[in-house]
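Here the structure is laid out as structure tokens; the discussion comes afterwards.
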Amino acid sequence: MKLKPSKREQIFPLPVALISTVSGEGVRNIAPWSNVTPILRPLEEVMLASWIKRDTLTNIRETGEFVINIPPVGMEKAVMVCSRNYPPEVDEYEMAGLKARLSEVVRAPGIEGCLAWAECTLVEEVLREKFSLIIGKVVNLEVDENFFDEEGKMDFENAKPLSCILGATGLTFTYPKNTGISASYSEMFLKEKEASGPEP
Ligand SMILES: Cc1cc2nc3c(=O)[nH]c(=O)nc-3n(C[C@H](O)[C@H](O)[C@H](O)COP(=O)(O)O)c2cc1C
């Protein structure tokens with residue numbers, strides 16, 4: 001079966017992050033974001049894709065800072081409140097009933113009740129006609145120790161970080177589940193004998 005290329009969002013389960021920023025005038029803003037990804041492992045940069053008409057984008061341009069907050073299952077309603085197109089002078093912490101969490105490095109606060117807080121500074125904006133790609137550097141990363149072990153590994157089945165599947169008229173919230181199979185990165189590298197193929 002073929003789908004229109006524009007339906008490609010159906011084939012990608014995406015994360016749900018909340019991006020918190022402050023405007024140049026100090027108004028606090030939160031917006032849900034799914035087009036957010038780390039740029040290659042183990043580097044420190046992340047990328048957000050943003051429509052041009054976003055207070056989040058304006059605030060990042062004005063202040064050069066943002067926080068990526070990872071909400072757990074249970075925050076869906078607050079996520080949808082933050083997705084409303086409130087004017088820039090509206091404090092979205094107040095609208096969604098969310099509590100600010102002091103950031104260590106950037107001015108923008110994080111959000112209490114989230115699982116992780118990646119404080120970021122703007123590295124580069126790649127501006128296209130209709131959208132912009134924001135590349136940020138993670139300058140401080142904190143996680144809720146109830147759901148992460150000492151090495152920083154997330155107990156994601158208990159943490160339940162929100163993800164979603166986007167559809168034509170709406171989205172469905174999801175969260176990840178272990179398939180029972182784990183693998184080591186060393187499996188990606190062929191041993192010398194395997195690299196040369198079968199014996200003649
Ligand atoms: C789950 C979810 C994911 C979203 N992801 C994005 C995204 O990746 N990029 C984007 O520009 N807008 C995205 N949006 C829409 C913005 O969150 C929404 O337009 C919001 O009002 C923007 O707020 P702001 O103007 O305060 O930045 C998403 C909305 C939802 C509900």
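Residues are referred to by chain and number: the chain letter is A, B, ... according to the order shown in the structure tokens, the number counts from 1 in that chain, and ligands are numbered separately from 1 in the order shown.
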Report as a tab-separated table: every residue of chain A with an atom at most 9 Å from ligand 1, its closest pair of atoms, and their distance in Å to one decimal, counting only C-alpha atoms and all ligand atoms, with rows sorted by chain and ascending residue number.
```
residue	atom	partner	partner_atom_place_in_ligand_line	distance
A:Leu14	CA	ligand 1	1 (C)	8.6
A:Pro15	CA	ligand 1	1 (C)	8.1
A:Val16	CA	ligand 1	1 (C)	5.5
A:Ala17	CA	ligand 1	3 (C)	7.6
A:Leu18	CA	ligand 1	17 (O)	8.2
A:Ile19	CA	ligand 1	27 (O)	8.1
A:Ser20	CA	ligand 1	27 (O)	8.8
A:Thr21	CA	ligand 1	27 (O)	8.7
A:Asn29	CA	ligand 1	26 (O)	5.7
A:Ile30	CA	ligand 1	26 (O)	5.9
A:Ala31	CA	ligand 1	17 (O)	4.4
A:Pro32	CA	ligand 1	17 (O)	4.2
A:Trp33	CA	ligand 1	5 (N)	3.4
A:Ser34	CA	ligand 1	5 (N)	4.0
A:Asn35	CA	ligand 1	8 (O)	3.6
A:Val36	CA	ligand 1	8 (O)	6.3
A:Leu48	CA	ligand 1	8 (O)	6.7
A:Ala49	CA	ligand 1	9 (N)	5.4
A:Ser50	CA	ligand 1	11 (O)	3.5
A:Trp51	CA	ligand 1	11 (O)	4.1
A:Ile52	CA	ligand 1	11 (O)	7.3
A:Lys53	CA	ligand 1	25 (O)	6.7
A:Arg54	CA	ligand 1	25 (O)	3.7
A:Asp55	CA	ligand 1	25 (O)	3.8
A:Thr56	CA	ligand 1	27 (O)	3.6
A:Leu57	CA	ligand 1	27 (O)	6.4
A:Thr58	CA	ligand 1	27 (O)	7.9
A:Asn59	CA	ligand 1	27 (O)	8.3
A:Glu76	CA	ligand 1	1 (C)	8.8
A:Val79	CA	ligand 1	31 (C)	6.6
A:Met80	CA	ligand 1	31 (C)	5.6
A:Val81	CA	ligand 1	21 (O)	8.6
A:Cys82	CA	ligand 1	21 (O)	6.3
A:Ser83	CA	ligand 1	21 (O)	4.0
A:Arg84	CA	ligand 1	21 (O)	4.4
A:Asn85	CA	ligand 1	21 (O)	4.0
A:Tyr86	CA	ligand 1	26 (O)	6.6
A:Pro87	CA	ligand 1	25 (O)	7.5
A:Pro88	CA	ligand 1	26 (O)	6.7
A:Val90	CA	ligand 1	26 (O)	8.9
A:Glu92	CA	ligand 1	26 (O)	7.8
A:Phe131	CA	ligand 1	11 (O)	7.7
A:Ser132	CA	ligand 1	11 (O)	8.6
A:Ser163	CA	ligand 1	1 (C)	7.9
A:Cys164	CA	ligand 1	1 (C)	6.7
A:Ile165	CA	ligand 1	1 (C)	8.6
A:Leu166	CA	ligand 1	1 (C)	7.7
A:Gly170	CA	ligand 1	31 (C)	8.4
A:Leu171	CA	ligand 1	1 (C)	7.0
A:Thr172	CA	ligand 1	1 (C)	8.7
A:Phe173	CA	ligand 1	1 (C)	8.0
```
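DSSP secondary structure from the backbone places Pro5, Ser6, Lys7, Arg8, Glu9, Gln10, Ile11, Asp55, Thr56, Leu57, Thr58, Asn59, Ile60, Arg61, Glu62, Thr63, Glu76, Lys77, Ala78, Val79, Met80, Val81, Cys82, Glu92, Tyr93, Glu94, Met95 and Ala96 of chain A of segment 5-143 of chain A in helix (DSSP H, G or I).
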Go ahead and save the residues from that selection, with C-alpha atoms, as a short mmCIF file (atom, residue, chain, number, x, y, z; two decimals), in the first residue's frame.
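selection_16.cif was written with the following content:
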```cif
data_model
loop_
_atom_site.label_atom_id
_atom_site.label_comp_id
_atom_site.auth_asym_id
_atom_site.auth_seq_id
_atom_site.Cartn_x
_atom_site.Cartn_y
_atom_site.Cartn_z
CA PRO A 5 4.76 11.38 0.84
CA SER A 6 3.19 14.13 3.00
CA LYS A 7 1.83 11.40 5.30
CA ARG A 8 5.36 10.50 6.34
CA GLU A 9 4.75 11.51 9.94
CA GLN A 10 2.74 8.27 10.29
CA ILE A 11 5.92 6.19 9.96
CA ASP A 55 7.13 32.45 20.18
CA THR A 56 9.66 29.74 21.04
CA LEU A 57 11.72 30.61 17.96
CA THR A 58 11.47 34.36 18.63
CA ASN A 59 12.57 33.81 22.25
CA ILE A 60 15.51 31.60 21.24
CA ARG A 61 16.59 34.27 18.75
CA GLU A 62 16.24 37.00 21.40
CA THR A 63 17.97 35.21 24.29
CA GLU A 76 -0.68 15.15 28.29
CA LYS A 77 -3.29 17.74 29.30
CA ALA A 78 -0.65 20.32 30.27
CA VAL A 79 1.18 19.57 27.01
CA MET A 80 -1.96 20.39 25.03
CA VAL A 81 -2.57 23.60 27.01
CA CYS A 82 0.98 24.70 26.14
CA GLU A 92 2.27 29.61 29.74
CA TYR A 93 3.42 28.24 33.13
CA GLU A 94 0.38 29.97 34.61
CA MET A 95 -1.96 28.81 31.83
CA ALA A 96 -0.92 25.15 32.16
#
```
All strand (DSSP E) positions in segment 56-198 of chain A, as number ranges by chain: A: 65-70, 100-101, 110-111, 116-127, 131-143, 163-166, 171-174
Written file, previous selection with N, CA and C atoms, as a tab-separated table (two decimals), in the first residue's frame:
```tsv
chain	number	residue	atom	x	y	z
A	65	GLU	N	18.84	31.04	24.25
A	65	GLU	CA	18.76	29.95	25.25
A	65	GLU	C	17.41	29.24	25.20
A	66	PHE	N	17.42	27.98	25.59
A	66	PHE	CA	16.16	27.24	25.77
A	66	PHE	C	16.43	26.01	26.63
A	67	VAL	N	15.34	25.45	27.17
A	67	VAL	CA	15.46	24.21	27.94
A	67	VAL	C	14.56	23.16	27.30
A	68	ILE	N	15.12	21.96	27.09
A	68	ILE	CA	14.31	20.83	26.62
A	68	ILE	C	13.92	20.02	27.85
A	69	ASN	N	12.61	20.00	28.14
A	69	ASN	CA	12.07	19.26	29.28
A	69	ASN	C	11.41	18.00	28.75
A	70	ILE	N	11.62	16.87	29.42
A	70	ILE	CA	10.99	15.63	28.97
A	70	ILE	C	9.84	15.27	29.91
A	100	ALA	N	7.72	26.33	37.71
A	100	ALA	CA	9.05	26.53	37.13
A	100	ALA	C	10.11	25.86	38.00
A	101	ARG	N	11.17	25.38	37.37
A	101	ARG	CA	12.29	24.75	38.06
A	101	ARG	C	13.53	25.57	37.69
A	110	GLY	N	13.29	25.50	33.85
A	110	GLY	CA	12.76	24.22	33.41
A	110	GLY	C	11.34	24.05	33.96
A	111	ILE	N	10.83	22.82	33.92
A	111	ILE	CA	9.46	22.55	34.36
A	111	ILE	C	9.48	21.42	35.39
A	116	ALA	N	13.58	15.02	32.79
A	116	ALA	CA	14.94	15.48	32.45
A	116	ALA	C	14.87	16.91	31.94
A	117	TRP	N	15.97	17.61	32.14
A	117	TRP	CA	16.06	19.02	31.77
A	117	TRP	C	17.39	19.25	31.07
A	118	ALA	N	17.34	19.55	29.77
A	118	ALA	CA	18.57	19.83	29.02
A	118	ALA	C	18.61	21.34	28.76
A	119	GLU	N	19.48	22.02	29.47
A	119	GLU	CA	19.64	23.47	29.25
A	119	GLU	C	20.53	23.65	28.02
A	120	CYS	N	20.08	24.48	27.10
A	120	CYS	CA	20.79	24.60	25.82
A	120	CYS	C	21.05	26.07	25.46
A	121	THR	N	22.14	26.26	24.72
A	121	THR	CA	22.40	27.58	24.15
A	121	THR	C	22.41	27.45	22.62
A	122	LEU	N	21.97	28.51	21.97
A	122	LEU	CA	21.87	28.50	20.51
A	122	LEU	C	23.26	28.50	19.88
A	123	VAL	N	23.48	27.56	18.97
A	123	VAL	CA	24.76	27.49	18.25
A	123	VAL	C	24.59	28.09	16.86
A	124	GLU	N	23.50	27.69	16.20
A	124	GLU	CA	23.31	28.12	14.81
A	124	GLU	C	21.84	28.00	14.44
A	125	GLU	N	21.37	28.93	13.63
A	125	GLU	CA	20.02	28.80	13.06
A	125	GLU	C	20.13	28.63	11.56
A	126	VAL	N	19.52	27.58	11.05
A	126	VAL	CA	19.51	27.35	9.61
A	126	VAL	C	18.11	27.75	9.12
A	127	LEU	N	18.02	28.93	8.52
A	127	LEU	CA	16.71	29.49	8.16
A	127	LEU	C	16.33	29.08	6.75
A	131	PHE	N	10.47	27.32	7.48
A	131	PHE	CA	10.82	26.81	8.80
A	131	PHE	C	12.26	27.13	9.13
A	132	SER	N	12.61	26.83	10.34
A	132	SER	CA	13.97	27.09	10.76
A	132	SER	C	14.49	25.89	11.56
A	133	LEU	N	15.74	25.58	11.37
A	133	LEU	CA	16.37	24.52	12.17
A	133	LEU	C	17.26	25.19	13.20
A	134	ILE	N	17.00	24.87	14.44
A	134	ILE	CA	17.77	25.45	15.54
A	134	ILE	C	18.75	24.40	16.04
A	135	ILE	N	20.01	24.72	15.99
A	135	ILE	CA	21.01	23.81	16.55
A	135	ILE	C	21.46	24.40	17.88
A	136	GLY	N	21.34	23.59	18.93
A	136	GLY	CA	21.71	24.06	20.26
A	136	GLY	C	22.74	23.15	20.89
A	137	LYS	N	23.46	23.71	21.85
A	137	LYS	CA	24.43	22.90	22.60
A	137	LYS	C	23.88	22.68	24.00
A	138	VAL	N	23.92	21.44	24.47
A	138	VAL	CA	23.47	21.15	25.84
A	138	VAL	C	24.58	21.61	26.79
A	139	VAL	N	24.26	22.60	27.61
A	139	VAL	CA	25.28	23.16	28.51
A	139	VAL	C	25.09	22.69	29.95
A	140	ASN	N	23.94	22.12	30.23
A	140	ASN	CA	23.71	21.52	31.56
A	140	ASN	C	22.57	20.52	31.42
A	141	LEU	N	22.79	19.32	31.94
A	141	LEU	CA	21.78	18.26	31.80
A	141	LEU	C	21.50	17.66	33.17
A	142	GLU	N	20.24	17.73	33.59
A	142	GLU	CA	19.87	17.14	34.89
A	142	GLU	C	18.68	16.22	34.68
A	143	VAL	N	18.62	15.17	35.51
A	143	VAL	CA	17.54	14.19	35.38
A	143	VAL	C	16.95	13.88	36.75
A	163	SER	N	5.80	10.11	24.20
A	163	SER	CA	6.11	10.19	22.78
A	163	SER	C	4.76	10.27	22.06
A	164	CYS	N	4.78	10.31	20.75
A	164	CYS	CA	3.50	10.43	20.05
A	164	CYS	C	3.61	9.97	18.61
A	165	ILE	N	2.45	9.68	18.06
A	165	ILE	CA	2.33	9.43	16.62
A	165	ILE	C	1.44	10.55	16.09
A	166	LEU	N	1.98	11.30	15.14
A	166	LEU	CA	1.20	12.41	14.57
A	166	LEU	C	0.32	11.89	13.43
A	171	LEU	N	-3.09	13.82	17.15
A	171	LEU	CA	-1.98	12.95	17.51
A	171	LEU	C	-2.41	11.99	18.60
A	172	THR	N	-1.68	10.89	18.70
A	172	THR	CA	-1.93	9.92	19.76
A	172	THR	C	-0.68	9.88	20.64
A	173	PHE	N	-0.89	10.01	21.94
A	173	PHE	CA	0.25	9.94	22.87
A	173	PHE	C	0.62	8.48	23.11
A	174	THR	N	1.91	8.22	23.18
A	174	THR	CA	2.43	6.86	23.37
A	174	THR	C	3.59	6.91	24.37
```
Pick from A:Leu115, A:Val27, A:Ala108, A:Val22, whichever lies nearest to Phe148 of chain A using only C-alpha atoms: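 Between A:Leu115, A:Val27, A:Ala108, A:Val22, the residue approaching Phe148 of chain A most closely is A:Leu115.
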Among listed residues A:Pro71, A:Asn158, A:Leu40, A:Gly64, nearest Arg107 of chain A (using only C-alpha atoms):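 The shortest atom-to-atom distance to Arg107 of chain A comes from A:Gly64.
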Atom pair atom CA of Arg28 of chain A / atom CA of Asp91 of chain A: separation (Å):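 About the pair atom CA of Arg28 of chain A and atom CA of Asp91 of chain A: they are 5.2 Å apart.
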